Number of protein chains: 2
Amino acid sequence: MEREKEILRTHIAGHHMKQTRQREVILEAFLKAGGHVSAEELYYKVSKRASSIGLATVYRTLGLLCECGIAQQREFGEGRTRFEIVHEYHQHHDHLICTKCGKIIEFENPNIERLQEKVAKDNDFTVYTHKLEIYGLCSECK
Amino acid sequence: MEREKEILRTHIAGHHMKQTRQREVILEAFLKAGGHVSAEELYYKVSKRASSIGLATVYRTLGLLCECGIAQQREFGEGRTRFEIVHEYHQHHDHLICTKCGKIIEFENPNIERLQEKVAKDNDFTVYTHKLEIYGLCSECK
DNA sequence: ATATCTGCAAATTGTTTGCTGACGA
DNA sequence: TCGTCAGCAAACAATTTGCAGATAT
C-alpha cells in the first residue's frame, strides 16, 4: 500500500506530472479491490466511494499504474481487459479461472516455467513474457 | 478439407439450417488460410475471391464453425479475436508468438499439460480448457 | 411455401481522444 | 503563472443485431 503510493509518487515526480486526488483515490481503490478488476468495475467502486471521477480518468490512471509497474493488464477471454496488482515479492504467476462464478486463483509453478523455457529454446525463440490460463470449474461450482 | 465440409454439412442438417454458397466459400477460405485469422482478415480474403459477402456473415459463419468444432477462438493480446483450425489428429496445442513479426508457432507439450492437470487437481479445479501463450522474438527477428 | 439466410446499416460494448475549464507545482 | 489534469462528450474499433428482401429445402 505505502510501497505502491511511493512508487507512484516517484514516477510522477520524475515525469513532470502532477499528484492529484483522483490518482490517489483510484490507486487506493485498485489495491483495496485486490486486483483482477476491469476498468468499469474499478470505476464503479471509485464512484461509490467518492466524487464524480470519470471513467476516462480511471482508464488513464490504470494506464499510468501499468507504466510504473504497479499494475499489469490481462485479457481473459471475456472481451474486456482486467488489471492485476504486480506484487513485490511474487514472481510470475498464472491463473485458474472459474467459468461459472468468475473466480480467479493465482498460482506459481516453476516446473511449468522451466518447460516453457525449453520449448522456446527448441524453437529458437527469445521469451519476453508468457501467460497461462486454465479454465474450468472451481471447487464450489462443480 | 473434405472432412470439414462433411462436418459442417452434418451439423447444418441436424439443426434445421441451410447449406448456402456463402458458408461454403467462407469455410474454404478459412481452411485455405490455415488458421489464426481474424474475422476481418478472412472477410478480406473472401471478398477478393468472390462476391459481396458481408462482414456480418463472416462473423456469423465463424461462430457456426466454432459451434461444430471446426474452428476455435483465441485472443492474443491485440484487441481482436483470432480463429484457428481444430485439427483432427492434433491434440491440444499452445502458441509461441513473435511480438515483432506476428508469426505464430504451434507446439504441443504433454509434460506441461500434465503439470497443469496437477495444479488444477491441487486446487480442486475441474479443467475445461486452457491456453498458454509465450511471447517473444522468433529466430528471424532477434 | 416457408423458415432460414444474407447484406446492410444501425446498435452495442469496451476503450481512447479532443476540448475547455480546473488545479497542482 | 503555466503546464498538466479532469470531466465530459464525441470518436473509435471490434462485434452484434434488426430488418426486409433473397434463397435453400
# chains A, B, ... in the order shown; residues from 1 in each chain; ligands from 1
>>> interface_residues(of="chain B", to="chain C", cutoff="12 Å", atoms="only C-alpha atoms (C1' of nucleotides)", output="ChimeraX atom specification")
/B:12,15-23,51-58,60-61,79-80
>>> closest_atom_pairs(of="chain B", to="chain A", cutoff="10 Å", atoms="only C-alpha atoms", output="CSV")
residue,atom,partner,partner_atom,distance
B:Gln73,CA,A:Gly77,CA,9.1
B:Arg74,CA,A:Gly77,CA,7.8
B:Glu75,CA,A:Gly77,CA,6.6
B:Phe76,CA,A:Glu75,CA,8.4
B:Gly77,CA,A:Glu75,CA,6.7
B:Glu78,CA,A:Glu75,CA,9.6
B:Gly79,CA,A:Gly79,CA,8.2
B:Arg80,CA,A:Gly79,CA,8.9
B:Thr81,CA,A:Gly79,CA,9.0
B:Asp94,CA,A:Leu132,CA,9.6
B:His95,CA,A:His130,CA,9.8
B:Leu96,CA,A:Ala120,CA,7.5
B:Ile97,CA,A:Phe125,CA,9.1
B:Cys98,CA,A:Phe125,CA,8.2
B:Thr99,CA,A:Tyr128,CA,8.8
B:Ile105,CA,A:Asn123,CA,8.6
B:Phe107,CA,A:Val119,CA,8.0
B:Glu108,CA,A:Val119,CA,9.1
B:Asn109,CA,A:Val119,CA,8.1
B:Asn111,CA,A:Leu115,CA,7.8
B:Ile112,CA,A:Ile112,CA,5.9
B:Glu113,CA,A:Ile112,CA,9.0
B:Arg114,CA,A:Ile112,CA,9.5
B:Leu115,CA,A:Ile112,CA,6.7
B:Gln116,CA,A:Ile134,CA,7.7
B:Glu117,CA,A:Ile134,CA,9.2
B:Val119,CA,A:Phe107,CA,8.0
B:Ala120,CA,A:Leu96,CA,7.5
B:Lys121,CA,A:Ser139,CA,10.0
B:Asn123,CA,A:Ser139,CA,7.7
B:Asp124,CA,A:Ser139,CA,5.3
B:Phe125,CA,A:Cys138,CA,4.7
B:Thr126,CA,A:Leu137,CA,5.0
B:Val127,CA,A:Gly136,CA,4.2
B:Tyr128,CA,A:Gly136,CA,4.6
B:Thr129,CA,A:Tyr135,CA,5.3
B:His130,CA,A:Ile134,CA,4.1
B:Lys131,CA,A:Glu133,CA,5.3
B:Leu132,CA,A:Leu132,CA,4.2
B:Glu133,CA,A:Lys131,CA,5.3
B:Ile134,CA,A:His130,CA,4.1
B:Tyr135,CA,A:Thr129,CA,5.3
B:Gly136,CA,A:Val127,CA,4.2
B:Leu137,CA,A:Thr126,CA,5.0
B:Cys138,CA,A:Phe125,CA,4.7
B:Ser139,CA,A:Asp124,CA,5.3
B:Glu140,CA,A:Asp124,CA,9.1
B:Cys141,CA,A:Phe125,CA,9.3
B:Lys142,CA,A:Thr126,CA,7.5
>>> write_last_selection(atoms="C-alpha atoms", output="short mmCIF file (atom, residue, chain, number, x, y, z; two decimals), in the first residue's frame")
data_model
loop_
_atom_site.label_atom_id
_atom_site.label_comp_id
_atom_site.auth_asym_id
_atom_site.auth_seq_id
_atom_site.Cartn_x
_atom_site.Cartn_y
_atom_site.Cartn_z
CA GLN B 73 -11.46 -18.72 -30.90
CA ARG B 74 -8.32 -17.33 -29.40
CA GLU B 75 -7.42 -13.92 -28.16
CA PHE B 76 -3.82 -12.93 -28.34
CA GLY B 77 -3.49 -9.57 -26.66
CA GLU B 78 -4.27 -7.48 -29.71
CA GLY B 79 -7.85 -6.44 -29.18
CA ARG B 80 -9.31 -8.67 -31.83
CA THR B 81 -10.24 -12.31 -31.82
CA ASP B 94 -0.24 -23.92 -27.49
CA HIS B 95 1.48 -20.96 -29.10
CA LEU B 96 4.74 -19.15 -29.45
CA ILE B 97 4.03 -15.64 -30.70
CA CYS B 98 6.62 -13.33 -32.18
CA THR B 99 5.92 -9.83 -30.94
CA ILE B 105 4.22 -21.18 -33.97
CA PHE B 107 3.58 -26.57 -30.21
CA GLU B 108 2.41 -29.47 -28.12
CA ASN B 109 3.96 -30.47 -24.86
CA ASN B 111 4.65 -32.61 -19.88
CA ILE B 112 3.29 -29.13 -19.50
CA GLU B 113 -0.23 -30.46 -19.89
CA ARG B 114 0.41 -32.94 -17.14
CA LEU B 115 1.72 -30.30 -14.78
CA GLN B 116 -1.32 -28.18 -15.47
CA GLU B 117 -3.56 -31.07 -14.56
CA VAL B 119 -2.05 -27.71 -10.49
CA ALA B 120 -5.75 -27.96 -11.16
CA LYS B 121 -6.10 -31.01 -9.00
CA ASN B 123 -6.73 -26.51 -6.31
CA ASP B 124 -9.72 -28.79 -6.60
CA PHE B 125 -10.47 -27.48 -10.04
CA THR B 126 -12.15 -29.26 -12.94
CA VAL B 127 -10.40 -28.26 -16.15
CA TYR B 128 -12.39 -27.48 -19.26
CA THR B 129 -9.65 -25.99 -21.34
CA HIS B 130 -6.59 -23.89 -21.05
CA LYS B 131 -4.34 -21.69 -23.05
CA LEU B 132 -0.70 -20.99 -22.92
CA GLU B 133 0.99 -18.31 -24.94
CA ILE B 134 4.65 -17.48 -24.97
CA TYR B 135 5.53 -14.07 -26.33
CA GLY B 136 8.97 -13.17 -27.61
CA LEU B 137 11.16 -12.89 -30.65
CA CYS B 138 11.39 -15.62 -33.26
CA SER B 139 14.66 -16.77 -34.74
CA GLU B 140 14.40 -14.37 -37.67
CA CYS B 141 13.51 -11.29 -35.67
CA LYS B 142 16.05 -11.37 -32.93
#
>>> atom_distance(atom1="CA of Glu24 in chain B", atom2="CA of Leu8 in chain B")
9.0 Å
>>> residues_around(residues="Met1 in chain A", least_positions_apart="4", cutoff="8 Å", atoms="only C-alpha atoms (C1' of nucleotides)", output="list in words")
Lys5, Glu28 and Leu31 of chain A
>>> select_by_dssp(residues="chain A", states="strand (DSSP E)", output="VMD selection string")
chain A and resid 37 to 38 71 to 75 81 to 85 94 to 98 104 to 107 126 to 137
>>> interface_residues(of="chain D", to="chain A", cutoff="9 Å", atoms="only C-alpha atoms (C1' of nucleotides)", output="number ranges by chain")
D: 4-8
>>> write_last_selection(atoms="all heavy atoms", output="compact mmCIF listing (two decimals), in the first residue's frame")
# COMPACT_ATOMS: atom_id res chain seq x y z
P DT D 4 3.25 19.85 -19.57
OP1 DT D 4 4.57 19.22 -19.79
OP2 DT D 4 2.37 20.19 -20.70
O5' DT D 4 2.43 18.93 -18.57
C5' DT D 4 2.77 18.90 -17.19
C4' DT D 4 1.53 18.55 -16.39
O4' DT D 4 0.59 19.65 -16.41
C3' DT D 4 0.77 17.34 -16.92
O3' DT D 4 0.46 16.51 -15.81
C2' DT D 4 -0.49 17.93 -17.55
C1' DT D 4 -0.71 19.15 -16.68
N1 DT D 4 -1.50 20.24 -17.29
C2 DT D 4 -2.58 20.73 -16.59
O2 DT D 4 -2.92 20.31 -15.50
N3 DT D 4 -3.26 21.74 -17.23
C4 DT D 4 -2.96 22.30 -18.45
O4 DT D 4 -3.65 23.21 -18.91
C5 DT D 4 -1.83 21.73 -19.13
C7 DT D 4 -1.43 22.26 -20.47
C6 DT D 4 -1.15 20.75 -18.52
P DC D 5 -0.40 15.21 -16.02
OP1 DC D 5 0.05 14.27 -14.98
OP2 DC D 5 -0.39 14.86 -17.45
O5' DC D 5 -1.86 15.68 -15.62
C5' DC D 5 -2.05 16.14 -14.30
C4' DC D 5 -3.51 16.31 -13.99
O4' DC D 5 -3.99 17.47 -14.71
C3' DC D 5 -4.41 15.14 -14.38
O3' DC D 5 -5.23 14.81 -13.27
C2' DC D 5 -5.21 15.66 -15.55
C1' DC D 5 -5.21 17.16 -15.33
N1 DC D 5 -5.23 17.96 -16.58
C2 DC D 5 -6.20 18.94 -16.75
O2 DC D 5 -7.03 19.13 -15.85
N3 DC D 5 -6.21 19.66 -17.90
C4 DC D 5 -5.29 19.44 -18.84
N4 DC D 5 -5.35 20.18 -19.95
C5 DC D 5 -4.29 18.44 -18.69
C6 DC D 5 -4.29 17.72 -17.56
P DA D 6 -6.17 13.58 -13.33
OP1 DA D 6 -6.11 12.93 -12.01
OP2 DA D 6 -5.86 12.81 -14.56
O5' DA D 6 -7.61 14.24 -13.49
C5' DA D 6 -8.02 15.23 -12.56
C4' DA D 6 -9.44 15.66 -12.89
O4' DA D 6 -9.39 16.53 -14.04
C3' DA D 6 -10.37 14.51 -13.24
O3' DA D 6 -11.62 14.71 -12.60
C2' DA D 6 -10.50 14.57 -14.75
C1' DA D 6 -10.17 16.02 -15.09
N9 DA D 6 -9.38 16.17 -16.31
C8 DA D 6 -8.30 15.41 -16.70
N7 DA D 6 -7.78 15.79 -17.83
C5 DA D 6 -8.56 16.87 -18.22
C6 DA D 6 -8.51 17.71 -19.35
N6 DA D 6 -7.60 17.59 -20.31
N1 DA D 6 -9.43 18.68 -19.44
C2 DA D 6 -10.33 18.82 -18.45
N3 DA D 6 -10.48 18.08 -17.33
C4 DA D 6 -9.55 17.12 -17.29
P DG D 7 -12.69 13.58 -12.69
OP1 DG D 7 -13.23 13.44 -11.33
OP2 DG D 7 -12.12 12.42 -13.39
O5' DG D 7 -13.79 14.23 -13.63
C5' DG D 7 -14.27 15.54 -13.38
C4' DG D 7 -15.14 15.97 -14.55
O4' DG D 7 -14.29 16.26 -15.67
C3' DG D 7 -16.12 14.89 -15.01
O3' DG D 7 -17.39 15.50 -15.25
C2' DG D 7 -15.51 14.36 -16.31
C1' DG D 7 -14.72 15.55 -16.82
N9 DG D 7 -13.53 15.20 -17.59
C8 DG D 7 -12.65 14.19 -17.35
N7 DG D 7 -11.66 14.13 -18.20
C5 DG D 7 -11.89 15.20 -19.05
C6 DG D 7 -11.16 15.65 -20.18
O6 DG D 7 -10.11 15.20 -20.65
N1 DG D 7 -11.73 16.77 -20.76
C2 DG D 7 -12.89 17.38 -20.32
N2 DG D 7 -13.29 18.43 -21.00
N3 DG D 7 -13.59 16.96 -19.26
C4 DG D 7 -13.04 15.87 -18.69
P DC D 8 -18.68 14.60 -15.34
OP1 DC D 8 -19.69 15.22 -14.47
OP2 DC D 8 -18.33 13.16 -15.18
O5' DC D 8 -19.12 14.82 -16.85
C5' DC D 8 -19.15 16.15 -17.40
C4' DC D 8 -18.93 16.10 -18.89
O4' DC D 8 -17.53 15.82 -19.17
C3' DC D 8 -19.71 15.00 -19.60
O3' DC D 8 -20.81 15.57 -20.30
C2' DC D 8 -18.71 14.37 -20.57
C1' DC D 8 -17.49 15.28 -20.47
N1 DC D 8 -16.20 14.57 -20.63
C2 DC D 8 -15.31 15.02 -21.60
O2 DC D 8 -15.62 16.00 -22.29
N3 DC D 8 -14.12 14.38 -21.75
C4 DC D 8 -13.83 13.33 -20.98
N4 DC D 8 -12.65 12.74 -21.16
C5 DC D 8 -14.73 12.84 -19.99
C6 DC D 8 -15.91 13.49 -19.85
>>> decode(residues="range 3-18 of chain A", atoms="all heavy atoms", output="PDB file, in the first residue's frame")
ATOM      1  N   ARG A   3       4.047   1.195  -0.176  1.00  0.00           N
ATOM      2  CA  ARG A   3       5.041   0.990  -1.219  1.00  0.00           C
ATOM      3  C   ARG A   3       4.532   1.494  -2.559  1.00  0.00           C
ATOM      4  O   ARG A   3       5.201   2.246  -3.258  1.00  0.00           O
ATOM      5  CB  ARG A   3       5.383  -0.507  -1.316  1.00  0.00           C
ATOM      6  CG  ARG A   3       6.484  -0.826  -2.303  1.00  0.00           C
ATOM      7  CD  ARG A   3       6.696  -2.324  -2.440  1.00  0.00           C
ATOM      8  NE  ARG A   3       5.689  -2.966  -3.254  1.00  0.00           N
ATOM      9  CZ  ARG A   3       5.834  -3.218  -4.560  1.00  0.00           C
ATOM     10  NH1 ARG A   3       6.958  -2.921  -5.176  1.00  0.00           N
ATOM     11  NH2 ARG A   3       4.868  -3.806  -5.249  1.00  0.00           N
ATOM     12  N   GLU A   4       3.315   1.097  -2.905  1.00  0.00           N
ATOM     13  CA  GLU A   4       2.756   1.486  -4.192  1.00  0.00           C
ATOM     14  C   GLU A   4       2.558   2.992  -4.297  1.00  0.00           C
ATOM     15  O   GLU A   4       2.829   3.588  -5.333  1.00  0.00           O
ATOM     16  CB  GLU A   4       1.425   0.764  -4.440  1.00  0.00           C
ATOM     17  CG  GLU A   4       1.572  -0.695  -4.816  1.00  0.00           C
ATOM     18  CD  GLU A   4       1.696  -1.613  -3.600  1.00  0.00           C
ATOM     19  OE1 GLU A   4       1.666  -1.092  -2.450  1.00  0.00           O
ATOM     20  OE2 GLU A   4       1.819  -2.830  -3.794  1.00  0.00           O
ATOM     21  N   LYS A   5       2.100   3.583  -3.211  1.00  0.00           N
ATOM     22  CA  LYS A   5       1.935   5.040  -3.223  1.00  0.00           C
ATOM     23  C   LYS A   5       3.268   5.728  -3.487  1.00  0.00           C
ATOM     24  O   LYS A   5       3.341   6.699  -4.223  1.00  0.00           O
ATOM     25  CB  LYS A   5       1.371   5.526  -1.875  1.00  0.00           C
ATOM     26  CG  LYS A   5      -0.103   5.258  -1.717  1.00  0.00           C
ATOM     27  CD  LYS A   5      -0.635   5.955  -0.476  1.00  0.00           C
ATOM     28  CE  LYS A   5      -2.130   5.707  -0.315  1.00  0.00           C
ATOM     29  NZ  LYS A   5      -2.660   6.274   0.940  1.00  0.00           N
ATOM     30  N   GLU A   6       4.290   5.158  -2.872  1.00  0.00           N
ATOM     31  CA  GLU A   6       5.623   5.730  -3.036  1.00  0.00           C
ATOM     32  C   GLU A   6       6.087   5.593  -4.493  1.00  0.00           C
ATOM     33  O   GLU A   6       6.621   6.530  -5.083  1.00  0.00           O
ATOM     34  CB  GLU A   6       6.601   5.005  -2.098  1.00  0.00           C
ATOM     35  CG  GLU A   6       7.994   5.580  -2.074  1.00  0.00           C
ATOM     36  CD  GLU A   6       8.001   7.090  -1.860  1.00  0.00           C
ATOM     37  OE1 GLU A   6       7.144   7.589  -1.091  1.00  0.00           O
ATOM     38  OE2 GLU A   6       8.851   7.774  -2.477  1.00  0.00           O
ATOM     39  N   ILE A   7       5.858   4.415  -5.064  1.00  0.00           N
ATOM     40  CA  ILE A   7       6.254   4.190  -6.461  1.00  0.00           C
ATOM     41  C   ILE A   7       5.574   5.199  -7.378  1.00  0.00           C
ATOM     42  O   ILE A   7       6.201   5.815  -8.232  1.00  0.00           O
ATOM     43  CB  ILE A   7       5.877   2.764  -6.915  1.00  0.00           C
ATOM     44  CG1 ILE A   7       6.731   1.736  -6.189  1.00  0.00           C
ATOM     45  CG2 ILE A   7       6.039   2.608  -8.423  1.00  0.00           C
ATOM     46  CD1 ILE A   7       6.339   0.300  -6.490  1.00  0.00           C
ATOM     47  N   LEU A   8       4.280   5.365  -7.153  1.00  0.00           N
ATOM     48  CA  LEU A   8       3.522   6.294  -7.987  1.00  0.00           C
ATOM     49  C   LEU A   8       4.058   7.713  -7.823  1.00  0.00           C
ATOM     50  O   LEU A   8       4.278   8.417  -8.807  1.00  0.00           O
ATOM     51  CB  LEU A   8       2.036   6.241  -7.609  1.00  0.00           C
ATOM     52  CG  LEU A   8       1.128   7.162  -8.414  1.00  0.00           C
ATOM     53  CD1 LEU A   8       1.220   6.857  -9.902  1.00  0.00           C
ATOM     54  CD2 LEU A   8      -0.319   7.038  -7.952  1.00  0.00           C
ATOM     55  N   ARG A   9       4.285   8.091  -6.582  1.00  0.00           N
ATOM     56  CA  ARG A   9       4.772   9.443  -6.309  1.00  0.00           C
ATOM     57  C   ARG A   9       6.088   9.690  -7.034  1.00  0.00           C
ATOM     58  O   ARG A   9       6.290  10.725  -7.666  1.00  0.00           O
ATOM     59  CB  ARG A   9       4.935   9.623  -4.789  1.00  0.00           C
ATOM     60  CG  ARG A   9       4.759  11.054  -4.313  1.00  0.00           C
ATOM     61  CD  ARG A   9       4.699  11.137  -2.803  1.00  0.00           C
ATOM     62  NE  ARG A   9       3.498  10.536  -2.236  1.00  0.00           N
ATOM     63  CZ  ARG A   9       3.475   9.575  -1.307  1.00  0.00           C
ATOM     64  NH1 ARG A   9       4.617   9.095  -0.835  1.00  0.00           N
ATOM     65  NH2 ARG A   9       2.341   9.091  -0.868  1.00  0.00           N
ATOM     66  N   THR A  10       6.963   8.711  -6.933  1.00  0.00           N
ATOM     67  CA  THR A  10       8.277   8.851  -7.571  1.00  0.00           C
ATOM     68  C   THR A  10       8.143   8.959  -9.086  1.00  0.00           C
ATOM     69  O   THR A  10       8.763   9.807  -9.726  1.00  0.00           O
ATOM     70  CB  THR A  10       9.139   7.616  -7.242  1.00  0.00           C
ATOM     71  OG1 THR A  10       9.166   7.449  -5.825  1.00  0.00           O
ATOM     72  CG2 THR A  10      10.549   7.791  -7.767  1.00  0.00           C
ATOM     73  N   HIS A  11       7.290   8.085  -9.638  1.00  0.00           N
ATOM     74  CA  HIS A  11       7.097   8.098 -11.086  1.00  0.00           C
ATOM     75  C   HIS A  11       6.566   9.448 -11.540  1.00  0.00           C
ATOM     76  O   HIS A  11       7.033  10.011 -12.533  1.00  0.00           O
ATOM     77  CB  HIS A  11       6.119   6.985 -11.474  1.00  0.00           C
ATOM     78  CG  HIS A  11       5.898   6.879 -12.944  1.00  0.00           C
ATOM     79  ND1 HIS A  11       6.656   6.062 -13.750  1.00  0.00           N
ATOM     80  CD2 HIS A  11       5.006   7.480 -13.760  1.00  0.00           C
ATOM     81  CE1 HIS A  11       6.241   6.182 -15.006  1.00  0.00           C
ATOM     82  NE2 HIS A  11       5.231   7.021 -15.043  1.00  0.00           N
ATOM     83  N   ILE A  12       5.604   9.956 -10.799  1.00  0.00           N
ATOM     84  CA  ILE A  12       5.005  11.246 -11.135  1.00  0.00           C
ATOM     85  C   ILE A  12       6.052  12.355 -11.061  1.00  0.00           C
ATOM     86  O   ILE A  12       6.168  13.182 -11.972  1.00  0.00           O
ATOM     87  CB  ILE A  12       3.825  11.546 -10.183  1.00  0.00           C
ATOM     88  CG1 ILE A  12       2.620  10.693 -10.608  1.00  0.00           C
ATOM     89  CG2 ILE A  12       3.486  13.016 -10.171  1.00  0.00           C
ATOM     90  CD1 ILE A  12       1.420  10.804  -9.702  1.00  0.00           C
ATOM     91  N   ALA A  13       6.827  12.327  -9.999  1.00  0.00           N
ATOM     92  CA  ALA A  13       7.853  13.359  -9.819  1.00  0.00           C
ATOM     93  C   ALA A  13       8.855  13.338 -10.973  1.00  0.00           C
ATOM     94  O   ALA A  13       9.250  14.375 -11.488  1.00  0.00           O
ATOM     95  CB  ALA A  13       8.570  13.142  -8.495  1.00  0.00           C
ATOM     96  N   GLY A  14       9.196  12.131 -11.387  1.00  0.00           N
ATOM     97  CA  GLY A  14      10.214  12.003 -12.420  1.00  0.00           C
ATOM     98  C   GLY A  14       9.718  12.263 -13.836  1.00  0.00           C
ATOM     99  O   GLY A  14      10.476  12.155 -14.781  1.00  0.00           O
ATOM    100  N   HIS A  15       8.432  12.516 -13.988  1.00  0.00           N
ATOM    101  CA  HIS A  15       7.902  12.710 -15.343  1.00  0.00           C
ATOM    102  C   HIS A  15       7.131  14.019 -15.481  1.00  0.00           C
ATOM    103  O   HIS A  15       6.184  14.088 -16.245  1.00  0.00           O
ATOM    104  CB  HIS A  15       6.997  11.534 -15.711  1.00  0.00           C
ATOM    105  CG  HIS A  15       7.741  10.253 -15.889  1.00  0.00           C
ATOM    106  ND1 HIS A  15       8.032   9.730 -17.128  1.00  0.00           N
ATOM    107  CD2 HIS A  15       8.294   9.399 -14.995  1.00  0.00           C
ATOM    108  CE1 HIS A  15       8.708   8.599 -16.985  1.00  0.00           C
ATOM    109  NE2 HIS A  15       8.878   8.374 -15.707  1.00  0.00           N
ATOM    110  N   HIS A  16       7.527  15.008 -14.748  1.00  0.00           N
ATOM    111  CA  HIS A  16       6.809  16.301 -14.673  1.00  0.00           C
ATOM    112  C   HIS A  16       5.294  16.105 -14.836  1.00  0.00           C
ATOM    113  O   HIS A  16       4.655  16.692 -15.682  1.00  0.00           O
ATOM    114  CB  HIS A  16       7.352  17.321 -15.672  1.00  0.00           C
ATOM    115  CG  HIS A  16       7.683  16.766 -17.026  1.00  0.00           C
ATOM    116  ND1 HIS A  16       6.725  16.474 -17.934  1.00  0.00           N
ATOM    117  CD2 HIS A  16       8.875  16.439 -17.568  1.00  0.00           C
ATOM    118  CE1 HIS A  16       7.326  15.994 -19.023  1.00  0.00           C
ATOM    119  NE2 HIS A  16       8.613  15.957 -18.828  1.00  0.00           N
ATOM    120  N   MET A  17       4.801  15.208 -13.968  1.00  0.00           N
ATOM    121  CA  MET A  17       3.355  15.032 -13.872  1.00  0.00           C
ATOM    122  C   MET A  17       2.920  15.598 -12.535  1.00  0.00           C
ATOM    123  O   MET A  17       3.749  16.066 -11.748  1.00  0.00           O
ATOM    124  CB  MET A  17       3.004  13.552 -13.908  1.00  0.00           C
ATOM    125  CG  MET A  17       3.225  12.899 -15.243  1.00  0.00           C
ATOM    126  SD  MET A  17       2.859  11.140 -15.098  1.00  0.00           S
ATOM    127  CE  MET A  17       2.793  10.706 -16.822  1.00  0.00           C
ATOM    128  N   LYS A  18       1.618  15.504 -12.286  1.00  0.00           N
ATOM    129  CA  LYS A  18       1.123  16.082 -11.045  1.00  0.00           C
ATOM    130  C   LYS A  18       0.368  15.085 -10.185  1.00  0.00           C
ATOM    131  O   LYS A  18      -0.394  14.263 -10.696  1.00  0.00           O
ATOM    132  CB  LYS A  18       0.215  17.271 -11.366  1.00  0.00           C
ATOM    133  CG  LYS A  18       1.018  18.442 -11.875  1.00  0.00           C
ATOM    134  CD  LYS A  18       0.131  19.521 -12.410  1.00  0.00           C
ATOM    135  CE  LYS A  18       0.997  20.678 -12.884  1.00  0.00           C
ATOM    136  NZ  LYS A  18       0.185  21.697 -13.556  1.00  0.00           N
TER     137      LYS A  18
END
